[in-house]
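Pasted below: data-v7.txt, compact mmCIF, C-alpha atoms and all ligand atoms.
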```
# COMPACT_ATOMS: atom_id res chain seq x y z
CA MET A 192 -16.82 7.54 25.27
CA LYS A 193 -14.48 7.64 22.28
CA LYS A 194 -14.59 3.85 21.97
CA ILE A 195 -18.36 3.97 21.78
CA PHE A 196 -18.46 6.55 19.03
CA ASP A 197 -15.72 4.74 17.08
CA TYR A 198 -17.83 1.61 17.21
CA LEU A 199 -20.87 3.61 16.10
CA ASP A 200 -18.88 4.75 13.05
CA CYS A 201 -18.33 1.09 12.19
CA LEU A 202 -22.07 0.45 12.47
CA GLU A 203 -23.20 3.30 10.23
CA GLU A 204 -23.24 1.23 7.05
CA GLU A 205 -25.37 -1.43 8.72
CA LEU A 206 -27.63 1.27 10.13
CA ILE A 207 -28.33 2.73 6.70
CA SER A 208 -28.84 -0.64 5.09
CA LEU A 209 -31.26 -1.67 7.85
CA ARG A 210 -33.24 1.51 7.25
CA ARG A 211 -33.32 0.94 3.50
CA ASP A 212 -34.38 -2.66 3.92
CA ILE A 213 -37.26 -1.66 6.19
CA HIS A 214 -38.11 1.13 3.76
CA GLN A 215 -38.60 -1.36 0.94
CA TYR A 216 -41.11 -3.45 2.85
CA PRO A 217 -43.43 -0.98 4.60
CA GLU A 218 -46.43 -2.29 6.52
CA LEU A 219 -49.51 -0.54 7.88
CA GLY A 220 -50.47 -0.30 11.56
CA PHE A 221 -50.97 -3.67 13.30
CA THR A 222 -49.99 -5.57 10.16
CA GLU A 223 -46.24 -5.08 10.65
CA TYR A 224 -45.68 -8.86 10.65
CA LYS A 225 -42.55 -8.99 8.52
CA THR A 226 -41.05 -5.90 10.15
CA SER A 227 -41.63 -7.19 13.65
CA LYS A 228 -40.21 -10.59 12.74
CA LYS A 229 -37.02 -8.90 11.52
CA ILE A 230 -36.84 -6.88 14.72
CA PHE A 231 -37.47 -9.94 16.85
CA ASN A 232 -34.73 -11.93 15.15
CA TYR A 233 -32.28 -9.07 15.28
CA LEU A 234 -32.77 -8.54 19.01
CA LYS A 235 -32.60 -12.30 19.66
CA GLY A 236 -29.34 -12.34 17.73
CA LEU A 237 -27.99 -9.74 20.13
CA GLY A 238 -28.81 -12.02 23.04
CA LEU A 239 -31.60 -9.87 24.49
CA GLU A 240 -34.74 -11.12 26.19
CA VAL A 241 -37.41 -10.51 23.54
CA ASP A 242 -41.20 -10.55 23.70
CA MET A 243 -43.98 -9.94 21.22
CA VAL A 244 -46.95 -7.88 22.37
CA CYS A 245 -50.25 -6.89 20.70
CA ASP A 246 -49.39 -9.07 17.65
CA THR A 247 -46.77 -6.85 16.07
CA GLY A 248 -45.11 -5.00 18.94
CA VAL A 249 -41.64 -6.16 19.95
CA ILE A 250 -40.05 -5.53 23.34
CA GLY A 251 -36.38 -6.19 23.98
CA LEU A 252 -34.79 -6.08 27.41
CA LEU A 253 -31.13 -5.53 28.18
CA ASP A 254 -30.60 -6.44 31.81
CA CYS A 255 -27.44 -5.03 33.38
CA GLY A 256 -28.40 -5.66 36.97
CA GLU A 257 -29.50 -3.31 39.73
CA GLY A 258 -30.46 0.19 38.74
CA PRO A 259 -33.25 2.08 37.03
CA THR A 260 -35.04 0.96 33.87
CA ILE A 261 -34.89 3.27 30.88
CA ALA A 262 -37.20 2.69 27.92
CA LEU A 263 -36.49 3.77 24.37
CA ARG A 264 -39.32 3.69 21.85
CA ALA A 265 -39.45 3.49 18.05
CA ASP A 266 -42.61 3.38 15.96
CA ILE A 267 -42.47 0.83 13.13
CA ASP A 268 -45.53 1.40 10.91
CA ALA A 269 -45.90 2.98 7.47
CA LEU A 270 -48.61 4.91 5.59
CA PRO A 271 -51.10 4.11 2.80
CA ILE A 272 -49.24 6.24 0.23
CA VAL A 273 -47.90 5.36 -3.24
CA GLU A 274 -44.20 6.23 -3.11
CA GLU A 275 -43.04 8.63 -5.82
CA THR A 276 -39.30 8.78 -5.19
CA ASP A 277 -36.80 7.14 -7.50
CA PHE A 278 -34.49 5.60 -4.95
CA GLU A 279 -33.30 2.11 -5.70
CA TYR A 280 -34.62 1.20 -2.25
CA LYS A 281 -38.11 2.60 -2.86
CA SER A 282 -41.13 0.75 -1.53
CA LYS A 283 -41.76 -2.65 -3.06
CA ILE A 284 -45.26 -2.74 -1.61
CA GLU A 285 -47.76 -0.98 -3.85
CA GLY A 286 -49.68 1.74 -2.04
CA VAL A 287 -47.68 1.56 1.18
CA MET A 288 -44.75 3.81 2.07
CA HIS A 289 -42.55 4.78 4.96
CA ALA A 290 -43.30 8.47 4.45
CA CYS A 291 -42.79 9.61 8.04
CA GLY A 292 -39.33 8.26 8.90
CA HIS A 293 -40.47 5.35 11.06
CA ASP A 294 -38.12 3.13 9.01
CA GLY A 295 -35.33 5.36 10.33
CA HIS A 296 -36.64 5.21 13.90
CA THR A 297 -36.67 1.42 13.76
CA ALA A 298 -33.14 1.18 12.38
CA ILE A 299 -31.88 3.69 14.96
CA LEU A 300 -33.29 1.67 17.84
CA LEU A 301 -31.93 -1.64 16.51
CA ILE A 302 -28.41 -0.24 16.22
CA THR A 303 -28.76 1.46 19.61
CA ALA A 304 -29.52 -1.98 21.05
CA LYS A 305 -26.50 -3.48 19.31
CA LEU A 306 -24.20 -0.76 20.59
CA LEU A 307 -25.50 -0.89 24.17
CA VAL A 308 -25.13 -4.68 24.24
CA LYS A 309 -21.50 -4.27 23.22
CA PHE A 310 -20.87 -1.78 26.04
CA LYS A 311 -23.21 -3.28 28.61
CA ASN A 312 -20.46 -3.49 31.22
CA LEU A 313 -20.73 0.31 31.48
CA LEU A 314 -24.41 0.15 32.45
CA LYS A 315 -26.07 -0.28 35.82
CA GLY A 316 -29.74 -0.97 35.31
CA LYS A 317 -31.99 -2.07 32.47
CA VAL A 318 -32.85 -0.82 29.01
CA LYS A 319 -36.20 -1.66 27.47
CA PHE A 320 -36.47 -1.33 23.71
CA ILE A 321 -40.07 -0.73 22.64
CA PHE A 322 -40.84 -1.27 18.95
CA GLN A 323 -44.36 0.01 18.69
CA PRO A 324 -46.90 -0.64 15.93
CA ALA A 325 -49.57 1.64 14.50
CA GLU A 326 -48.45 5.13 15.52
CA GLU A 327 -50.14 6.49 12.41
CA GLY A 328 -53.38 5.00 13.64
CA PRO A 329 -55.31 3.50 15.22
CA GLY A 330 -52.54 3.91 17.83
CA GLY A 331 -50.22 1.31 19.29
CA ALA A 332 -48.95 3.05 22.41
CA LYS A 333 -52.11 2.72 24.46
CA PRO A 334 -52.69 -0.99 23.81
CA LEU A 335 -49.02 -1.69 24.51
CA ILE A 336 -49.24 0.14 27.84
CA ASP A 337 -52.48 -1.71 28.66
CA ALA A 338 -50.62 -4.94 27.90
CA GLY A 339 -48.01 -3.99 30.50
CA VAL A 340 -44.96 -2.80 28.55
CA LEU A 341 -44.18 -0.21 31.21
CA GLU A 342 -44.11 -2.93 33.90
CA GLN A 343 -41.84 -5.89 34.70
CA PRO A 344 -39.46 -4.30 35.09
CA ARG A 345 -41.20 -1.03 35.79
CA VAL A 346 -39.99 1.71 33.46
CA ASP A 347 -38.62 4.76 35.31
CA LYS A 348 -38.03 7.04 32.34
CA ILE A 349 -38.73 6.91 28.64
CA PHE A 350 -37.26 8.60 25.57
CA GLY A 351 -38.38 8.76 21.96
CA LEU A 352 -37.52 10.69 18.85
CA HIS A 353 -38.93 11.67 15.48
CA ILE A 354 -37.00 12.46 12.34
CA GLU A 355 -37.56 16.07 11.26
CA GLU A 356 -36.45 16.97 7.76
CA GLY A 357 -37.32 20.59 8.60
CA ILE A 358 -34.53 20.80 11.21
CA GLU A 359 -30.89 20.78 10.15
CA THR A 360 -28.91 17.57 10.57
CA GLY A 361 -26.80 17.75 13.71
CA VAL A 362 -29.41 19.74 15.61
CA ILE A 363 -31.70 18.13 18.15
CA GLY A 364 -34.96 20.00 18.60
CA VAL A 365 -37.08 19.71 21.70
CA GLN A 366 -40.09 21.39 23.24
CA PRO A 367 -39.65 21.94 26.98
CA LYS A 368 -43.23 20.99 27.77
CA GLU A 369 -46.13 20.77 25.28
CA ALA A 370 -44.62 19.04 22.27
CA SER A 371 -47.54 17.72 20.20
CA ALA A 372 -51.21 18.49 20.13
CA ALA A 373 -54.09 16.33 21.19
CA ALA A 374 -56.11 15.11 18.22
CA ASP A 375 -59.81 14.54 18.84
CA GLU A 376 -62.48 13.42 16.42
CA LEU A 377 -65.68 15.25 15.70
CA ASP A 378 -68.62 13.83 13.74
CA ILE A 379 -71.80 15.84 13.25
CA LEU A 380 -74.99 14.75 11.55
CA ILE A 381 -77.34 17.59 10.59
CA LYS A 382 -80.90 16.35 10.31
CA GLY A 383 -83.28 18.42 8.16
CA LYS A 384 -86.37 17.63 6.14
CA GLY A 385 -86.33 16.76 2.46
CA GLY A 386 -88.49 18.38 -0.20
CA HIS A 387 -88.57 20.00 -3.62
CA ALA A 388 -85.87 22.58 -4.24
CA SER A 389 -88.44 24.99 -5.67
CA ALA A 390 -90.44 24.92 -2.40
CA SER A 391 -87.56 25.01 0.01
CA HIS A 392 -89.58 26.68 2.76
CA GLN A 393 -91.55 23.46 3.16
CA GLY A 394 -88.47 21.46 3.99
CA VAL A 395 -85.51 22.04 6.28
CA ASP A 396 -82.45 22.38 4.12
CA ALA A 397 -79.66 20.45 5.84
CA ILE A 398 -77.08 21.90 3.43
CA VAL A 399 -77.86 25.48 4.41
CA VAL A 400 -77.80 24.52 8.08
CA ALA A 401 -74.50 22.70 7.60
CA GLY A 402 -73.06 25.82 5.99
CA GLN A 403 -73.98 27.86 9.04
CA VAL A 404 -72.65 25.23 11.43
CA ILE A 405 -69.32 25.11 9.58
CA THR A 406 -68.90 28.87 9.57
CA SER A 407 -69.94 29.22 13.20
CA LEU A 408 -67.52 26.52 14.36
CA GLN A 409 -64.67 28.65 13.03
CA THR A 410 -65.66 31.43 15.45
CA ILE A 411 -64.95 29.27 18.51
CA VAL A 412 -61.24 30.05 18.32
CA SER A 413 -60.81 33.74 19.17
CA ARG A 414 -64.49 34.49 19.93
CA GLN A 415 -64.99 31.91 22.65
CA ILE A 416 -61.52 30.52 23.26
CA ASN A 417 -58.42 32.61 23.73
CA PRO A 418 -56.43 32.49 20.45
CA HIS A 419 -53.26 32.02 22.54
CA SER A 420 -54.61 28.62 23.56
CA ARG A 421 -53.67 27.04 20.24
CA VAL A 422 -56.78 25.36 18.95
CA VAL A 423 -57.43 24.18 15.41
CA ILE A 424 -60.84 22.95 14.34
CA SER A 425 -60.69 21.52 10.83
CA LEU A 426 -63.62 19.89 9.12
CA GLY A 427 -62.04 17.69 6.52
CA LYS A 428 -65.07 15.88 5.20
CA ILE A 429 -68.64 16.76 4.33
CA LYS A 430 -71.25 14.59 2.68
CA GLY A 431 -74.85 15.33 1.82
CA GLY A 432 -77.41 15.92 -0.88
CA TYR A 433 -78.83 13.93 -3.75
CA LYS A 434 -79.57 16.14 -6.75
CA ARG A 435 -79.62 19.82 -7.66
CA ASN A 436 -83.39 20.05 -7.32
CA VAL A 437 -83.81 18.12 -4.08
CA ILE A 438 -83.60 19.62 -0.59
CA ALA A 439 -81.13 17.52 1.36
CA ASP A 440 -82.55 15.97 4.51
CA LYS A 441 -79.16 15.25 6.08
CA VAL A 442 -75.50 16.24 5.96
CA GLU A 443 -72.58 14.51 7.62
CA ILE A 444 -69.56 16.55 8.70
CA SER A 445 -66.33 15.06 10.09
CA GLY A 446 -63.39 16.89 11.49
CA THR A 447 -60.45 16.97 13.83
CA VAL A 448 -59.90 19.19 16.84
CA ARG A 449 -56.31 19.95 17.86
CA THR A 450 -55.37 21.48 21.18
CA THR A 451 -52.22 21.73 23.28
CA ASN A 452 -53.75 22.68 26.60
CA PRO A 453 -55.46 19.80 28.44
CA GLU A 454 -57.89 22.17 30.21
CA VAL A 455 -58.99 23.90 27.04
CA ARG A 456 -59.30 20.49 25.48
CA ARG A 457 -61.78 19.40 28.12
CA THR A 458 -64.03 22.42 27.52
CA LEU A 459 -64.26 22.04 23.75
CA PRO A 460 -66.83 19.25 23.34
CA LYS A 461 -69.33 21.32 25.32
CA ARG A 462 -68.57 24.54 23.42
CA ILE A 463 -68.91 22.80 20.09
CA GLU A 464 -72.13 21.05 20.99
CA GLU A 465 -73.71 24.26 22.33
CA LEU A 466 -72.95 25.97 19.08
CA VAL A 467 -74.25 23.15 16.90
CA ARG A 468 -77.39 22.92 19.02
CA GLY A 469 -78.02 26.67 18.80
CA VAL A 470 -77.53 26.91 15.06
CA THR A 471 -79.61 23.85 14.21
CA LEU A 472 -82.40 24.91 16.57
CA SER A 473 -82.56 28.35 14.97
CA GLN A 474 -83.14 26.65 11.61
CA ARG A 475 -85.73 24.07 12.79
CA ALA A 476 -83.19 21.31 12.18
CA ASP A 477 -81.90 18.60 14.49
CA TYR A 478 -78.46 17.08 14.94
CA SER A 479 -76.43 14.33 16.51
CA LEU A 480 -72.85 14.74 17.54
CA ASP A 481 -70.03 12.32 18.36
CA TYR A 482 -66.90 13.59 20.02
CA ASN A 483 -64.06 11.15 20.62
CA PHE A 484 -60.86 11.96 22.46
CA GLY A 485 -57.86 10.70 20.49
CA TYR A 486 -54.14 11.00 21.22
CA PRO A 487 -53.57 13.30 24.23
CA VAL A 488 -51.28 16.31 24.41
CA LEU A 489 -47.65 15.19 24.48
CA LEU A 490 -46.11 16.71 27.59
CA ASN A 491 -42.36 16.43 27.95
CA SER A 492 -40.88 16.39 31.42
CA THR A 493 -39.15 19.76 31.77
CA THR A 494 -37.24 18.50 34.82
CA LEU A 495 -35.91 15.43 33.05
CA LEU A 496 -34.98 17.50 30.02
CA LYS A 497 -32.86 19.78 32.25
CA GLU A 498 -31.29 16.68 33.76
CA VAL A 499 -30.22 15.23 30.40
CA GLU A 500 -29.24 18.49 28.73
CA ASP A 501 -25.51 18.04 29.49
CA ASP A 502 -25.50 14.48 28.18
CA ILE A 503 -26.86 15.78 24.89
CA VAL A 504 -24.73 18.86 24.38
CA SER A 505 -21.54 16.98 25.28
CA ASN A 506 -22.26 14.42 22.57
CA PRO A 507 -19.68 14.97 19.80
CA LEU A 508 -22.23 14.09 17.08
CA ILE A 509 -24.68 16.78 18.16
CA ASN A 510 -24.00 20.38 17.19
CA ARG A 511 -26.80 21.97 19.13
CA LEU A 512 -29.81 21.36 21.31
CA LYS A 513 -32.49 23.70 20.05
CA TYR A 514 -35.41 24.60 22.26
CA LEU A 515 -38.56 24.92 20.18
CA SER A 516 -40.97 27.46 21.54
CA LEU A 517 -44.02 26.13 19.75
CA PRO A 518 -45.48 22.64 19.92
CA SER A 519 -46.38 20.76 16.79
CA MET A 520 -50.13 20.73 16.07
CA GLY A 521 -49.64 17.19 14.80
CA ALA A 522 -50.37 14.34 17.19
CA GLU A 523 -48.04 11.60 18.45
CA ASP A 524 -49.10 8.66 20.58
CA PHE A 525 -45.84 8.75 22.54
CA ALA A 526 -47.99 11.08 24.64
CA TYR A 527 -49.61 8.04 26.31
CA TYR A 528 -46.30 6.82 27.77
CA LEU A 529 -45.69 10.28 29.19
CA LYS A 530 -48.96 10.13 31.06
CA LYS A 531 -47.48 7.18 32.98
CA VAL A 532 -43.76 7.91 33.30
CA PRO A 533 -41.56 10.98 32.88
CA GLY A 534 -39.83 11.21 29.56
CA VAL A 535 -38.80 13.39 26.67
CA PHE A 536 -39.60 13.23 22.98
CA PHE A 537 -36.93 14.71 20.72
CA ARG A 538 -36.98 16.06 17.15
CA LEU A 539 -34.03 14.58 15.30
CA GLY A 540 -32.83 17.13 12.74
CA ALA A 541 -32.54 15.35 9.39
CA GLY A 542 -32.32 17.99 6.69
CA GLU A 543 -29.41 19.48 4.81
CA SER A 544 -29.78 23.23 5.06
CA SER A 545 -29.18 23.69 1.31
CA ARG A 546 -32.05 21.42 0.29
CA ASP A 547 -35.81 21.59 0.28
CA TYR A 548 -37.54 18.46 1.47
CA TYR A 549 -41.01 17.17 0.91
CA PRO A 550 -42.70 17.00 4.29
CA GLY A 551 -43.70 13.87 6.16
CA HIS A 552 -46.69 12.01 4.66
CA HIS A 553 -45.78 13.25 1.16
CA PRO A 554 -45.21 10.61 -1.59
CA LYS A 555 -41.75 12.10 -2.19
CA PHE A 556 -40.80 12.36 1.49
CA THR A 557 -37.16 11.74 2.25
CA PHE A 558 -34.56 12.82 4.81
CA ASP A 559 -30.82 13.11 5.33
CA GLU A 560 -29.60 9.64 6.30
CA ARG A 561 -26.62 11.10 8.18
CA ALA A 562 -29.13 11.87 10.91
CA LEU A 563 -29.56 8.15 11.66
CA LYS A 564 -26.17 7.90 13.33
CA ILE A 565 -26.94 11.03 15.35
CA GLY A 566 -30.20 9.43 16.49
CA VAL A 567 -28.29 6.43 17.81
CA GLY A 568 -25.78 8.78 19.44
CA LEU A 569 -28.60 10.64 21.17
CA PHE A 570 -30.18 7.48 22.58
CA VAL A 571 -26.82 6.14 23.70
CA SER A 572 -25.93 9.40 25.48
CA LEU A 573 -29.29 9.40 27.24
CA VAL A 574 -28.90 5.83 28.45
CA LEU A 575 -25.30 6.29 29.56
CA GLY A 576 -26.29 9.45 31.40
CA GLN A 577 -28.98 7.57 33.29
CA LEU A 578 -27.30 4.20 33.85
CA ASP A 579 -23.62 5.02 34.06
NI NI B 601 -44.36 9.87 12.29
```

Translate this structure into structure tokens?
Ligand code: NI
Amino acid sequence: MKKIFDYLDCLEEELISLRRDIHQYPELGFTEYKTSKKIFNYLKGLGLEVDMVCDTGVIGLLDCGEGPTIALRADIDALPIVEETDFEYKSKIEGVMHACGHDGHTAILLITAKLLVKFKNLLKGKVKFIFQPAEEGPGGAKPLIDAGVLEQPRVDKIFGLHIEEGIETGVIGVQPKEASAAADELDILIKGKGGHASASHQGVDAIVVAGQVITSLQTIVSRQINPHSRVVISLGKIKGGYKRNVIADKVEISGTVRTTNPEVRRTLPKRIEELVRGVTLSQRADYSLDYNFGYPVLLNSTTLLKEVEDDIVSNPLINRLKYLSLPSMGAEDFAYYLKKVPGVFFRLGAGESSRDYYPGHHPKFTFDERALKIGVGLFVSLVLGQLD
């Protein structure tokens, strides 16, 4: 064990420079051509079997003979944000930024691969390294699974992590079961009847109806659904109207619905539609409604987490494994892998306690780079625990 962590110390400089290099050349979902090429070449250089999948996904396989197959996943995409930090390694691509730590995830998984290759004689089984595009949307996990990344060899267990600047460096956070919310899409079109604003009774004012729909939708949580169920309905966009003296004949409303309970999630489209139908009917208006299920609830395997707990807490780089009682209401497409195989998604603490950080998706987002080494340490402990 000591030899492994000594070697990891030697790799820390490379780890940070890999992260900074990726940070400078961020790419959006499914256009990660340069990033995936770098990953491909790096893994090839380590002597792994490497495949490209879904254009920009990269899969590396370390085959150490008979035994289970453990998959480790990193997301590799960036966000359409203009970076506002003043690091010398800030984004060189205008309007694109690694503002969620996926640059760190990618570097962590590359160095994990390097380290496991070096100590492959300790392993009995296979390690699959999944470098996944488009986590920020439209979603890379599902197409990768459909393309067979969990097969040949069949993956038995999977682990992933996300950098969390809100958790102290050295601490690994984890939710025992529900870890991230499902994120579904809601689009409503209110159909009224246009007319002159001074004779509003002759038309059907879609703006007034929209107002009532919006307010009523906020009564679903707590009046129709138990507030303990954790549901958020947020309508982020509304569009309608022409001029101050014209009755609007239509209004478009778009929103997101977040839930952490799969059963509650299934009931919501019906609840929402009933409410929209009732309100529009009462106002002589009409509507159409689109409801699309997005990323599912991320459900960690509680059993597997118990099984790996010792491997984590005995890791000299990790101060503490912190159980988080509440799931994140954010969504994470790692959830799709967990619908197929047991696994755990960890929160890699990456904040100095004395500092305030801008959160993920902020133009000034940053994190404590000392966490990168801990991320590698976590993955290595998990693999050794499973394949030793
Ligand atoms: Ni992210």

Out of A:Leu253, A:Ala269, A:Cys245, A:Ala262, which residue has the shortest atom-to-atom distance to ligand NI 601 (chain B) when counting only C-alpha atoms and all ligand atoms?
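Of the candidates, the smallest distance to ligand NI 601 (chain B) is held by A:Ala269.
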
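Each of A:Ser413, A:Asn483, A:Ser572, A:Gln474 was compared to Asp375 of chain A using all atoms listed in the file, and A:Asn483 turns out to be the nearest.
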
Can you tell me, as a PyMOL selection string, what residues are no more than 12 Å from Tyr224 of chain A when counting only C-alpha atoms, ignoring any on the same chain fewer than 2 positions away?
chain A and resi 213+216-222+226-231+243-249+267-268+324-325

Rank A:Ile302, A:Val448, A:Ala390, A:Leu263 by their smallest atom-to-atom distance to Ser208 of chain A, using all atoms listed in the file, and report the top residue only.
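For Ser208 of chain A, the nearest of the given residues is A:Ile302.
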
My list of candidates is A:Asp440, A:Asp254, A:Asp242, A:Glu359. Which is closest to Leu512 of chain A when distances are computed with all atoms listed in the file?
A:Glu359

I need every residue sitting at most 9 Å from the point (-54.3, 7.6, 22.5) (coordinates as in the file, all atoms listed in the file considered), written as a list of chain:residue names.
A:Pro329, A:Gly330, A:Gly331, A:Ala332, A:Lys333, A:Pro334, A:Ala373, A:Ala374, A:Phe484, A:Gly485, A:Tyr486, A:Pro487, A:Glu523, A:Asp524, A:Phe525, A:Ala526, A:Tyr527

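Proximity to His289 of chain A was assessed for A:Gly576, A:Gly357, A:Gly427, A:Pro554 counting all atoms listed in the file; the smallest distance is recorded for A:Pro554.
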
Can you list, as a ChimeraX atom specification, every protein, DNA or RNA residue that comes within 12 Å of Leu466 of chain A when you count all atoms listed in the file, leaving out same-chain residues fewer than 6 positions away?
/A:379,403-411,415,459-460,472-473,478,480

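Residues in contact with ligand NI 601 (chain B) comprise Asp266, Cys291, Gly292, His293, Glu326, Glu327, His353, Ile354, Glu523 and Gly551 of chain A, where contact means an atom-to-atom distance of at most 8 Å counting only C-alpha atoms and all ligand atoms.
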
Writer output for current selection, C-alpha atoms, as an mmCIF file, in the frame of the given file:
```cif
data_model
loop_
_atom_site.group_PDB
_atom_site.id
_atom_site.type_symbol
_atom_site.label_atom_id
_atom_site.label_comp_id
_atom_site.auth_asym_id
_atom_site.auth_seq_id
_atom_site.Cartn_x
_atom_site.Cartn_y
_atom_site.Cartn_z
ATOM 1 C CA ASP A 266 -42.610 3.380 15.960
ATOM 2 C CA CYS A 291 -42.790 9.610 8.040
ATOM 3 C CA GLY A 292 -39.330 8.260 8.900
ATOM 4 C CA HIS A 293 -40.470 5.350 11.060
ATOM 5 C CA GLU A 326 -48.450 5.130 15.520
ATOM 6 C CA GLU A 327 -50.140 6.490 12.410
ATOM 7 C CA HIS A 353 -38.930 11.670 15.480
ATOM 8 C CA ILE A 354 -37.000 12.460 12.340
ATOM 9 C CA GLU A 523 -48.040 11.600 18.450
ATOM 10 C CA GLY A 551 -43.700 13.870 6.160
#
```
